[in-house]
file final07.pdb (PDB, C-alpha atoms and all ligand atoms)
ATOM      1  CA  MET A  22       0.000   0.000   0.000
ATOM      2  CA  ARG A  23       1.275   3.470  -0.864
ATOM      3  CA  LYS A  24       1.763   5.669   2.188
ATOM      4  CA  TYR A  25       1.534   9.412   2.095
ATOM      5  CA  LYS A  26       3.586  11.576   4.427
ATOM      6  CA  ILE A  27       2.451  15.103   5.164
ATOM      7  CA  MET A  28       5.411  17.418   5.606
ATOM      8  CA  ASN A  29       3.689  20.717   6.301
ATOM      9  CA  LYS A  30       0.226  22.062   6.971
ATOM     10  CA  ILE A  31      -2.178  19.806   5.103
ATOM     11  CA  LYS A  32      -3.506  21.376   1.897
ATOM     12  CA  LEU A  33      -7.050  20.524   0.898
ATOM     13  CA  ALA A  34      -9.111  20.969  -2.223
ATOM     14  CA  ALA A  35     -12.854  20.560  -1.746
ATOM     15  CA  PHE A  36     -15.218  19.434  -4.489
ATOM     16  CA  ALA A  37     -18.839  20.388  -3.856
ATOM     17  CA  SER A  38     -21.987  20.650  -5.949
ATOM     18  CA  HIS A  39     -24.616  22.212  -3.731
ATOM     19  CA  SER A  40     -25.047  23.827  -0.349
ATOM     20  CA  GLY A  41     -21.609  23.143   1.068
ATOM     21  CA  SER A  42     -22.583  22.983   4.724
ATOM     22  CA  ASN A  43     -19.855  20.381   5.303
ATOM     23  CA  LEU A  44     -17.416  22.667   3.553
ATOM     24  CA  GLN A  45     -18.545  25.492   5.848
ATOM     25  CA  ALA A  46     -17.917  23.393   8.949
ATOM     26  CA  ILE A  47     -14.364  22.747   7.750
ATOM     27  CA  ILE A  48     -13.826  26.427   6.907
ATOM     28  CA  ASP A  49     -15.065  27.352  10.392
ATOM     29  CA  ASN A  50     -12.807  24.851  12.108
ATOM     30  CA  ILE A  51      -9.795  26.114  10.176
ATOM     31  CA  GLN A  52     -10.673  29.716  10.962
ATOM     32  CA  ASN A  53     -11.170  29.082  14.673
ATOM     33  CA  GLY A  54      -7.891  27.181  14.911
ATOM     34  CA  LYS A  55      -9.381  23.753  15.637
ATOM     35  CA  LEU A  56      -8.081  22.340  12.378
ATOM     36  CA  ASN A  57      -4.536  22.948  11.215
ATOM     37  CA  ALA A  58      -5.199  22.750   7.484
ATOM     38  CA  GLU A  59      -5.514  25.020   4.488
ATOM     39  CA  LEU A  60      -8.315  24.976   1.932
ATOM     40  CA  VAL A  61      -6.521  25.985  -1.238
ATOM     41  CA  ALA A  62      -9.318  25.460  -3.773
ATOM     42  CA  VAL A  63     -12.997  24.747  -4.032
ATOM     43  CA  ILE A  64     -14.103  23.157  -7.287
ATOM     44  CA  SER A  65     -17.715  22.823  -8.335
ATOM     45  CA  ASN A  66     -19.468  21.500 -11.408
ATOM     46  CA  ASN A  67     -22.364  23.807 -10.564
ATOM     47  CA  SER A  68     -21.821  27.538 -11.040
ATOM     48  CA  THR A  69     -24.690  28.362  -8.665
ATOM     49  CA  ALA A  70     -23.557  26.048  -5.854
ATOM     50  CA  TYR A  71     -23.715  27.919  -2.587
ATOM     51  CA  ALA A  72     -20.490  26.106  -1.697
ATOM     52  CA  LEU A  73     -18.711  28.447  -4.147
ATOM     53  CA  GLU A  74     -20.132  31.466  -2.384
ATOM     54  CA  ARG A  75     -19.066  30.120   1.005
ATOM     55  CA  ALA A  76     -15.547  29.666  -0.382
ATOM     56  CA  ARG A  77     -15.446  33.170  -1.869
ATOM     57  CA  LEU A  78     -16.540  34.626   1.467
ATOM     58  CA  ALA A  79     -13.614  32.811   3.076
ATOM     59  CA  ASN A  80     -11.188  34.036   0.375
ATOM     60  CA  ILE A  81     -10.609  30.588  -1.021
ATOM     61  CA  ASP A  82      -9.965  30.239  -4.761
ATOM     62  CA  THR A  83     -12.991  28.845  -6.549
ATOM     63  CA  PHE A  84     -13.303  27.047  -9.859
ATOM     64  CA  HIS A  85     -16.376  26.164 -11.867
ATOM     65  CA  ILE A  86     -15.449  23.138 -13.953
ATOM     66  CA  SER A  87     -18.059  21.048 -15.693
ATOM     67  CA  SER A  88     -18.681  19.217 -18.922
ATOM     68  CA  LYS A  89     -20.257  22.460 -20.145
ATOM     69  CA  THR A  90     -17.235  24.643 -19.353
ATOM     70  CA  HIS A  91     -14.873  21.891 -20.576
ATOM     71  CA  PRO A  92     -16.674  19.717 -23.156
ATOM     72  CA  ASN A  93     -13.447  17.977 -24.110
ATOM     73  CA  GLU A  94     -12.814  15.158 -21.595
ATOM     74  CA  ILE A  95      -9.031  15.465 -21.650
ATOM     75  CA  ASP A  96      -9.205  19.206 -21.251
ATOM     76  CA  TYR A  97     -11.654  18.715 -18.359
ATOM     77  CA  LEU A  98      -9.337  16.278 -16.640
ATOM     78  CA  ASN A  99      -6.186  18.327 -17.215
ATOM     79  CA  THR A 100      -7.833  21.483 -15.950
ATOM     80  CA  ILE A 101      -8.645  19.809 -12.645
ATOM     81  CA  LEU A 102      -5.241  18.120 -12.416
ATOM     82  CA  ASN A 103      -3.450  21.414 -13.098
ATOM     83  CA  ILE A 104      -5.277  23.095 -10.242
ATOM     84  CA  LEU A 105      -4.508  20.245  -7.856
ATOM     85  CA  GLU A 106      -0.854  20.179  -8.859
ATOM     86  CA  SER A 107      -0.254  23.911  -8.952
ATOM     87  CA  LYS A 108      -1.779  24.273  -5.513
ATOM     88  CA  LYS A 109       0.156  21.287  -4.165
ATOM     89  CA  VAL A 110      -2.980  19.643  -2.856
ATOM     90  CA  ASP A 111      -2.425  16.828  -0.351
ATOM     91  CA  PHE A 112      -6.023  15.656  -0.014
ATOM     92  CA  ILE A 113      -9.215  16.088  -1.992
ATOM     93  CA  ILE A 114     -12.345  16.208   0.108
ATOM     94  CA  LEU A 115     -15.656  15.526  -1.548
ATOM     95  CA  ALA A 116     -18.440  17.433   0.141
ATOM     96  CA  GLY A 117     -21.668  16.699  -1.664
ATOM     97  CA  TYR A 118     -19.985  16.416  -5.072
ATOM     98  CA  MET A 119     -22.413  14.929  -7.556
ATOM     99  CA  LYS A 120     -20.061  14.084 -10.409
ATOM    100  CA  PRO A 121     -17.953  10.937 -10.692
ATOM    101  CA  ILE A 122     -14.234  11.500 -10.134
ATOM    102  CA  PRO A 123     -12.222  10.529 -13.234
ATOM    103  CA  ALA A 124     -10.146   7.354 -12.793
ATOM    104  CA  GLU A 125      -6.942   9.283 -13.538
ATOM    105  CA  ILE A 126      -7.555  11.517 -10.520
ATOM    106  CA  ILE A 127      -8.453   8.555  -8.304
ATOM    107  CA  ASN A 128      -5.198   6.846  -9.323
ATOM    108  CA  LYS A 129      -3.057   9.929  -8.953
ATOM    109  CA  TYR A 130      -4.548  10.783  -5.558
ATOM    110  CA  TYR A 131      -4.866   7.178  -4.468
ATOM    111  CA  ASN A 132      -5.839   7.014  -0.777
ATOM    112  CA  ARG A 133      -5.985  10.812  -0.725
ATOM    113  CA  ILE A 134      -9.584  11.455  -1.719
ATOM    114  CA  LEU A 135     -12.114  11.467   1.097
ATOM    115  CA  ASN A 136     -15.883  11.474   0.991
ATOM    116  CA  ILE A 137     -18.573  11.825   3.598
ATOM    117  CA  HIS A 138     -21.708   9.738   3.254
ATOM    118  CA  PRO A 139     -24.906  10.290   5.250
ATOM    119  CA  ALA A 140     -25.370   6.689   6.435
ATOM    120  CA  LEU A 141     -23.448   3.880   8.068
ATOM    121  CA  LEU A 142     -21.694   2.292   5.101
ATOM    122  CA  PRO A 143     -21.578  -0.374   3.773
ATOM    123  CA  LYS A 144     -25.336  -0.134   4.274
ATOM    124  CA  PHE A 145     -27.237   2.419   2.210
ATOM    125  CA  GLY A 146     -24.450   3.228  -0.200
ATOM    126  CA  GLY A 147     -23.854   2.849  -3.904
ATOM    127  CA  SER A 148     -25.668   3.978  -6.981
ATOM    128  CA  GLY A 149     -28.748   6.103  -6.309
ATOM    129  CA  MET A 150     -27.931   6.417  -2.610
ATOM    130  CA  TYR A 151     -27.503  10.147  -2.264
ATOM    131  CA  GLY A 152     -29.345  13.014  -0.617
ATOM    132  CA  MET A 153     -32.789  12.295   0.744
ATOM    133  CA  ASN A 154     -32.881   8.863  -0.977
ATOM    134  CA  VAL A 155     -30.516   7.591   1.698
ATOM    135  CA  HIS A 156     -32.638   8.734   4.625
ATOM    136  CA  LYS A 157     -35.848   7.482   2.989
ATOM    137  CA  ALA A 158     -34.258   4.049   2.532
ATOM    138  CA  VAL A 159     -33.052   3.973   6.145
ATOM    139  CA  ILE A 160     -36.531   4.771   7.458
ATOM    140  CA  GLU A 161     -38.249   2.347   5.083
ATOM    141  CA  SER A 162     -35.907  -0.402   6.282
ATOM    142  CA  LYS A 163     -36.927   0.360   9.870
ATOM    143  CA  GLU A 164     -33.314   0.789  10.946
ATOM    144  CA  LYS A 165     -32.844   1.718  14.594
ATOM    145  CA  ILE A 166     -29.604   3.571  13.947
ATOM    146  CA  SER A 167     -28.110   5.565  11.130
ATOM    147  CA  GLY A 168     -25.159   7.915  11.028
ATOM    148  CA  ALA A 169     -22.379   9.247   8.866
ATOM    149  CA  THR A 170     -19.260   7.704   7.362
ATOM    150  CA  VAL A 171     -15.997   9.239   6.200
ATOM    151  CA  HIS A 172     -14.284   6.961   3.722
ATOM    152  CA  ILE A 173     -11.630   6.815   1.041
ATOM    153  CA  VAL A 174     -12.866   7.230  -2.509
ATOM    154  CA  ASP A 175     -11.984   4.467  -4.915
ATOM    155  CA  GLU A 176     -13.315   3.601  -8.339
ATOM    156  CA  LYS A 177     -16.644   2.294  -6.967
ATOM    157  CA  TYR A 178     -19.264   4.514  -5.334
ATOM    158  CA  ASP A 179     -19.166   4.468  -1.528
ATOM    159  CA  ASN A 180     -16.851   1.468  -1.553
ATOM    160  CA  GLY A 181     -13.458   2.659  -0.295
ATOM    161  CA  LYS A 182     -11.924   2.028   3.109
ATOM    162  CA  ILE A 183     -14.013   3.343   5.996
ATOM    163  CA  LEU A 184     -12.018   5.757   8.144
ATOM    164  CA  TYR A 185     -14.579   6.857  10.690
ATOM    165  CA  GLN A 186     -18.263   6.512  11.538
ATOM    166  CA  GLU A 187     -20.583   7.967  14.102
ATOM    167  CA  SER A 188     -24.149   6.868  14.687
ATOM    168  CA  VAL A 189     -27.425   8.473  15.626
ATOM    169  CA  ASN A 190     -30.699   6.891  16.774
ATOM    170  CA  VAL A 191     -33.526   6.708  14.310
ATOM    171  CA  ASP A 192     -36.628   7.572  16.325
ATOM    172  CA  GLU A 193     -40.079   6.244  15.503
ATOM    173  CA  ASN A 194     -41.328   9.674  14.520
ATOM    174  CA  ASP A 195     -38.292  10.583  12.393
ATOM    175  CA  THR A 196     -38.987  11.583   8.814
ATOM    176  CA  PRO A 197     -36.281  11.541   6.134
ATOM    177  CA  GLU A 198     -35.951  15.286   6.693
ATOM    178  CA  THR A 199     -35.522  15.124  10.488
ATOM    179  CA  LEU A 200     -33.089  12.239  10.116
ATOM    180  CA  ALA A 201     -31.115  14.160   7.483
ATOM    181  CA  GLU A 202     -30.833  17.070   9.900
ATOM    182  CA  LYS A 203     -29.559  14.860  12.733
ATOM    183  CA  VAL A 204     -27.057  13.111  10.458
ATOM    184  CA  LEU A 205     -25.833  16.402   9.028
ATOM    185  CA  GLN A 206     -24.944  17.599  12.518
ATOM    186  CA  ILE A 207     -22.740  14.535  12.923
ATOM    187  CA  GLU A 208     -21.218  15.078   9.489
ATOM    188  CA  HIS A 209     -20.193  18.593  10.436
ATOM    189  CA  LYS A 210     -18.233  17.215  13.396
ATOM    190  CA  ILE A 211     -16.643  14.103  11.978
ATOM    191  CA  TYR A 212     -15.304  15.379   8.648
ATOM    192  CA  SER A 213     -13.048  17.863  10.420
ATOM    193  CA  LYS A 214     -12.189  15.247  13.016
ATOM    194  CA  VAL A 215     -10.910  12.823  10.390
ATOM    195  CA  ILE A 216      -8.935  15.535   8.580
ATOM    196  CA  LYS A 217      -7.391  16.509  11.921
ATOM    197  CA  LEU A 218      -6.419  12.891  12.659
ATOM    198  CA  ILE A 219      -4.818  12.638   9.209
ATOM    199  CA  SER A 220      -2.988  15.933   9.617
ATOM    200  CA  GLU A 221      -1.656  14.790  12.986
ATOM    201  CA  GLY A 222      -0.495  11.498  11.505
ATOM    202  CA  LYS A 223      -2.955   9.563  13.664
ATOM    203  CA  ILE A 224      -4.643   8.141  10.604
ATOM    204  CA  VAL A 225      -1.944   7.084   8.151
ATOM    205  CA  LEU A 226      -2.991   6.503   4.584
TER     206      LEU A 226
HETATM  207  C1  LIG A 301     -24.090  15.463   2.787
HETATM  208  O1  LIG A 301     -25.200  14.835   3.348
HETATM  209  C2  LIG A 301     -23.012  14.457   2.497
HETATM  210  O2  LIG A 301     -23.045  13.364   3.344
HETATM  211  C3  LIG A 301     -23.331  14.024   1.092
HETATM  212  O3  LIG A 301     -23.819  15.170   0.460
HETATM  213  C4  LIG A 301     -24.382  16.045   1.422
HETATM  214  C5  LIG A 301     -23.726  17.378   1.210
HETATM  215  O4  LIG A 301     -24.306  18.369   2.019
HETATM  216  N1  LIG A 301     -22.195  13.433   0.452
HETATM  217  P1  LIG A 301     -23.636  19.799   2.089
HETATM  218  O5  LIG A 301     -23.565  20.326   0.660
HETATM  219  O6  LIG A 301     -22.295  19.647   2.705
HETATM  220  O7  LIG A 301     -24.576  20.623   2.919
END

call {"tool": "encode", "arguments": {"input": "final07.pdb", "output": "C-alpha cells", "more": "lines below"}}
Ligand code: GRF
result
Amino acid sequence: MRKYKIMNKIKLAAFASHSGSNLQAIIDNIQNGKLNAELVAVISNNSTAYALERARLANIDTFHISSKTHPNEIDYLNTILNILESKKVDFIILAGYMKPIPAEIINKYYNRILNIHPALLPKFGGSGMYGMNVHKAVIESKEKISGATVHIVDEKYDNGKILYQESVNVDENDTPETLAEKVLQIEHKIYSKVIKLISEGKIVL
C-alpha cells in the first residue's frame, strides 16, 4: 500500500456541488484554529452552488469546472489536475460532489480522496444512494440507527476504506428530513475530526 507523508500544513481541495454545509464546517474549524489545514481550492461542477459562495466569502480560490465549461474530456481532466498540482494539494475532500471523479484523478490521488456519506456504510451506499434517498431508505428499512461515514474514494461509489463513523438513533417519529438534519450535525463534526487525525499522523494513509 502506498503511504503518504504530510510534511507541512495539510492542503485541501474541496469538491462540492450544492449547499456546502460540510465545507462550511471545515472552513469554520480552520478559521477558529481547531483544524490545522488550508483549503486551497474549491471546485464545483455547478456555477450556482452555494459552496462556491461560502468559499469566496472565506477568500478561497474557486473554480467552476463542468462538462459544459470543458466539453473535451481530456481538457476537463487536465484542468482539474493542473489546479490540484499547482496548488500542491495533499487531499481532496468531496463534500456533496455529484459528479464521478475521473479514474486518472483517483489513481493519482490514491488514498488521498475522502468522501462523507450520510449513512453507516456499507449499508445504504452505492448507486442512487444520495441526498434524501438515503434517509428514505433507512426509514423504510426500519433501521434503529443511522449515522455518517468518512471513507476513502476508490473507483466504486461508496466502496473505499471506511475511516470513521458515528451513529445516531432513528426515532419512531423521524422523517427523512428530520433524520437528514440529525445526520448532518454529525457530518459537520466528523469530517473535520478525520482531517485533523490525518494531519496529525494519527490516521496514516
Ligand atoms: C451530505 O449529506 C453528504 O453526506 C453528502 O452530500 C451532502 C452534502 O451536504 N455526500 P452539504 O452540501 O455539505 O450541505

call {"tool": "residues_near_ligand", "arguments": {"input": "final07.pdb", "ligand": "ligand LIG 301 (chain A)", "cutoff": "7 Å", "atoms": "all atoms listed in the file", "output": "list in words"}}
result
Ala37, Ser38, His39, Ser40, Gly41, Ser42, Asn43, Leu44, Ala72, Ala116, Gly117, Tyr118, Asn136, Ile137, His138, Pro139, Tyr151, Gly152, Ala169, Leu205 and Glu208 of chain A

call {"tool": "closest_residue", "arguments": {"input": "final07.pdb", "among": "A:Met150, A:Ala79, A:Leu141, A:Ala46", "to": "A:Thr170", "atoms": "all atoms listed in the file"}}
result
A:Leu141

call {"tool": "atom_distance", "arguments": {"input": "final07.pdb", "atom1": "atom CA of A:Arg77", "atom2": "atom CA of A:Lys129"}}
result
27.3 Å

call {"tool": "axis_aligned_box", "arguments": {"input": "final07.pdb", "around": "stretch 32-40 of chain A", "padding_each_side": "6 Å", "output": "AutoDock Vina command-line options"}}
result
--center_x -14.3 --center_y 21.6 --center_z -2.0 --size_x 33.5 --size_y 16.4 --size_z 19.8

call {"tool": "closest_residue", "arguments": {"input": "final07.pdb", "among": "A:Glu59, A:Asp175, A:Glu161, A:Asp49", "to": "A:Asp195", "atoms": "all atoms listed in the file"}}
result
A:Glu161

call {"tool": "atom_distance", "arguments": {"input": "final07.pdb", "atom1": "atom CA of A:Ile173", "atom2": "atom CA of A:Ser65"}}
result
19.5 Å

call {"tool": "closest_residue", "arguments": {"input": "final07.pdb", "among": "A:Lys210, A:Lys109, A:Lys120, A:Arg75", "to": "A:Lys30", "atoms": "only C-alpha atoms"}}
result
A:Lys109

call {"tool": "closest_residue", "arguments": {"input": "final07.pdb", "among": "A:His172, A:Lys163, A:His156, A:Lys177", "to": "A:Lys203", "atoms": "all atoms listed in the file"}}
result
A:His156

call {"tool": "resolve_selection", "arguments": {"input": "final07.pdb", "expression": "the PyMOL selection byres (((chain A and resi 176) around 12) and not hetatm)", "output": "JSON, numbers by chain"}}
result
{"A": [121, 122, 123, 124, 125, 126, 127, 128, 130, 131, 132, 134, 147, 173, 174, 175, 177, 178, 179, 180, 181, 182]}

call {"tool": "closest_residue", "arguments": {"input": "final07.pdb", "among": "A:Glu106, A:Phe112, A:Phe84, A:Asn66", "to": "A:Ser220", "atoms": "all atoms listed in the file"}}
result
A:Phe112

call {"tool": "atom_distance", "arguments": {"input": "final07.pdb", "atom1": "atom CA of A:Leu135", "atom2": "atom CA of A:Ile183"}}
result
9.7 Å

call {"tool": "resolve_selection", "arguments": {"input": "final07.pdb", "expression": "the PyMOL selection byres (((chain A and resi 55) around 12) and not hetatm)", "output": "list in words"}}
result
Ala46, Ile47, Ile48, Asp49, Asn50, Ile51, Gln52, Asn53, Gly54, Leu56, Asn57, Ala58, Glu59, Lys210, Ser213, Lys214, Ile216, Lys217, Leu218 and Ser220 of chain A

call {"tool": "closest_residue", "arguments": {"input": "final07.pdb", "among": "A:Leu78, A:Leu60, A:Ile104, A:Val159", "to": "A:Leu33", "atoms": "all atoms listed in the file"}}
result
A:Leu60

call {"tool": "resolve_selection", "arguments": {"input": "final07.pdb", "expression": "the PyMOL selection byres (((chain A and resi 192) around 10) and not hetatm)", "output": "PyMOL selection string"}}
result
chain A and resi 160+163-166+189-191+193-196+199-200

call {"tool": "write_last_selection", "arguments": {"input": "final07.pdb", "atoms": "C-alpha atoms", "output": "PDB file, in the frame of the given file"}}
result
ATOM      1  CA  ILE A 160     -36.531   4.771   7.458  1.00  0.00           C
ATOM      2  CA  LYS A 163     -36.927   0.360   9.870  1.00  0.00           C
ATOM      3  CA  GLU A 164     -33.314   0.789  10.946  1.00  0.00           C
ATOM      4  CA  LYS A 165     -32.844   1.718  14.594  1.00  0.00           C
ATOM      5  CA  ILE A 166     -29.604   3.571  13.947  1.00  0.00           C
ATOM      6  CA  VAL A 189     -27.425   8.473  15.626  1.00  0.00           C
ATOM      7  CA  ASN A 190     -30.699   6.891  16.774  1.00  0.00           C
ATOM      8  CA  VAL A 191     -33.526   6.708  14.310  1.00  0.00           C
ATOM      9  CA  GLU A 193     -40.079   6.244  15.503  1.00  0.00           C
ATOM     10  CA  ASN A 194     -41.328   9.674  14.520  1.00  0.00           C
ATOM     11  CA  ASP A 195     -38.292  10.583  12.393  1.00  0.00           C
ATOM     12  CA  THR A 196     -38.987  11.583   8.814  1.00  0.00           C
ATOM     13  CA  THR A 199     -35.522  15.124  10.488  1.00  0.00           C
ATOM     14  CA  LEU A 200     -33.089  12.239  10.116  1.00  0.00           C
TER      15      LEU A 200
END

call {"tool": "residues_near_point", "arguments": {"input": "final07.pdb", "point": "(-8.1, 15.8, -21.0)", "cutoff": "12 Å", "atoms": "all atoms listed in the file", "output": "ChimeraX atom specification"}}
result
/A:88,91-103,123-126

call {"tool": "write_last_selection", "arguments": {"input": "final07.pdb", "atoms": "C-alpha atoms", "output": "short mmCIF file (atom, residue, chain, number, x, y, z; two decimals), in the coordinates of the input"}}
result
data_model
loop_
_atom_site.label_atom_id
_atom_site.label_comp_id
_atom_site.auth_asym_id
_atom_site.auth_seq_id
_atom_site.Cartn_x
_atom_site.Cartn_y
_atom_site.Cartn_z
CA SER A 88 -18.68 19.22 -18.92
CA HIS A 91 -14.87 21.89 -20.58
CA PRO A 92 -16.67 19.72 -23.16
CA ASN A 93 -13.45 17.98 -24.11
CA GLU A 94 -12.81 15.16 -21.60
CA ILE A 95 -9.03 15.46 -21.65
CA ASP A 96 -9.20 19.21 -21.25
CA TYR A 97 -11.65 18.72 -18.36
CA LEU A 98 -9.34 16.28 -16.64
CA ASN A 99 -6.19 18.33 -17.22
CA THR A 100 -7.83 21.48 -15.95
CA ILE A 101 -8.64 19.81 -12.64
CA LEU A 102 -5.24 18.12 -12.42
CA ASN A 103 -3.45 21.41 -13.10
CA PRO A 123 -12.22 10.53 -13.23
CA ALA A 124 -10.15 7.35 -12.79
CA GLU A 125 -6.94 9.28 -13.54
CA ILE A 126 -7.56 11.52 -10.52
#

call {"tool": "build_atoms", "arguments": {"input": "final07.pdb", "residues": "stretch 33-54 of chain A", "atoms": "N, CA, C and O atoms", "output": "short mmCIF file (atom, residue, chain, number, x, y, z; two decimals), in the coordinates of the input"}}
result
data_model
loop_
_atom_site.label_atom_id
_atom_site.label_comp_id
_atom_site.auth_asym_id
_atom_site.auth_seq_id
_atom_site.Cartn_x
_atom_site.Cartn_y
_atom_site.Cartn_z
N LEU A 33 -5.83 21.20 1.35
CA LEU A 33 -7.05 20.52 0.90
C LEU A 33 -7.66 21.23 -0.30
O LEU A 33 -7.67 22.47 -0.36
N ALA A 34 -8.21 20.43 -1.20
CA ALA A 34 -9.11 20.97 -2.22
C ALA A 34 -10.46 20.32 -1.98
O ALA A 34 -10.53 19.10 -1.80
N ALA A 35 -11.51 21.12 -1.94
CA ALA A 35 -12.85 20.56 -1.75
C ALA A 35 -13.60 20.58 -3.07
O ALA A 35 -13.48 21.54 -3.85
N PHE A 36 -14.34 19.52 -3.32
CA PHE A 36 -15.22 19.43 -4.49
C PHE A 36 -16.64 19.41 -3.94
O PHE A 36 -16.97 18.56 -3.11
N ALA A 37 -17.47 20.32 -4.40
CA ALA A 37 -18.84 20.39 -3.86
C ALA A 37 -19.79 20.83 -4.95
O ALA A 37 -19.43 21.61 -5.83
N SER A 38 -21.02 20.32 -4.89
CA SER A 38 -21.99 20.65 -5.95
C SER A 38 -23.14 21.51 -5.47
O SER A 38 -23.83 22.11 -6.29
N HIS A 39 -23.39 21.52 -4.16
CA HIS A 39 -24.62 22.21 -3.73
C HIS A 39 -24.35 23.15 -2.56
O HIS A 39 -23.52 24.04 -2.65
N SER A 40 -25.03 22.88 -1.46
CA SER A 40 -25.05 23.83 -0.35
C SER A 40 -23.68 24.07 0.29
O SER A 40 -23.32 25.19 0.63
N GLY A 41 -22.94 22.99 0.48
CA GLY A 41 -21.61 23.14 1.07
C GLY A 41 -21.61 23.35 2.57
O GLY A 41 -20.70 23.97 3.11
N SER A 42 -22.59 22.79 3.27
CA SER A 42 -22.58 22.98 4.72
C SER A 42 -21.42 22.22 5.36
O SER A 42 -20.85 22.67 6.36
N ASN A 43 -21.05 21.08 4.79
CA ASN A 43 -19.86 20.38 5.30
C ASN A 43 -18.60 21.19 5.04
O ASN A 43 -17.71 21.27 5.88
N LEU A 44 -18.55 21.79 3.87
CA LEU A 44 -17.42 22.67 3.55
C LEU A 44 -17.34 23.80 4.59
O LEU A 44 -16.27 24.11 5.11
N GLN A 45 -18.51 24.38 4.89
CA GLN A 45 -18.55 25.49 5.85
C GLN A 45 -18.01 25.06 7.21
O GLN A 45 -17.26 25.81 7.86
N ALA A 46 -18.38 23.87 7.64
CA ALA A 46 -17.92 23.39 8.95
C ALA A 46 -16.39 23.30 8.95
O ALA A 46 -15.74 23.65 9.94
N ILE A 47 -15.83 22.86 7.83
CA ILE A 47 -14.36 22.75 7.75
C ILE A 47 -13.73 24.14 7.71
O ILE A 47 -12.74 24.40 8.41
N ILE A 48 -14.33 25.04 6.94
CA ILE A 48 -13.83 26.43 6.91
C ILE A 48 -13.84 27.00 8.33
O ILE A 48 -12.86 27.59 8.79
N ASP A 49 -14.95 26.81 9.03
CA ASP A 49 -15.06 27.35 10.39
C ASP A 49 -14.00 26.78 11.31
O ASP A 49 -13.37 27.51 12.08
N ASN A 50 -13.79 25.47 11.22
CA ASN A 50 -12.81 24.85 12.11
C ASN A 50 -11.38 25.29 11.79
O ASN A 50 -10.55 25.36 12.68
N ILE A 51 -11.12 25.58 10.52
CA ILE A 51 -9.80 26.11 10.18
C ILE A 51 -9.68 27.53 10.74
O ILE A 51 -8.68 27.89 11.37
N GLN A 52 -10.74 28.31 10.53
CA GLN A 52 -10.67 29.72 10.96
C GLN A 52 -10.56 29.84 12.48
O GLN A 52 -9.92 30.75 12.98
N ASN A 53 -11.24 28.94 13.21
CA ASN A 53 -11.17 29.08 14.67
C ASN A 53 -10.01 28.28 15.28
O ASN A 53 -9.93 28.14 16.50
N GLY A 54 -9.14 27.79 14.42
CA GLY A 54 -7.89 27.18 14.91
C GLY A 54 -8.03 25.74 15.38
O GLY A 54 -7.08 25.16 15.89
#
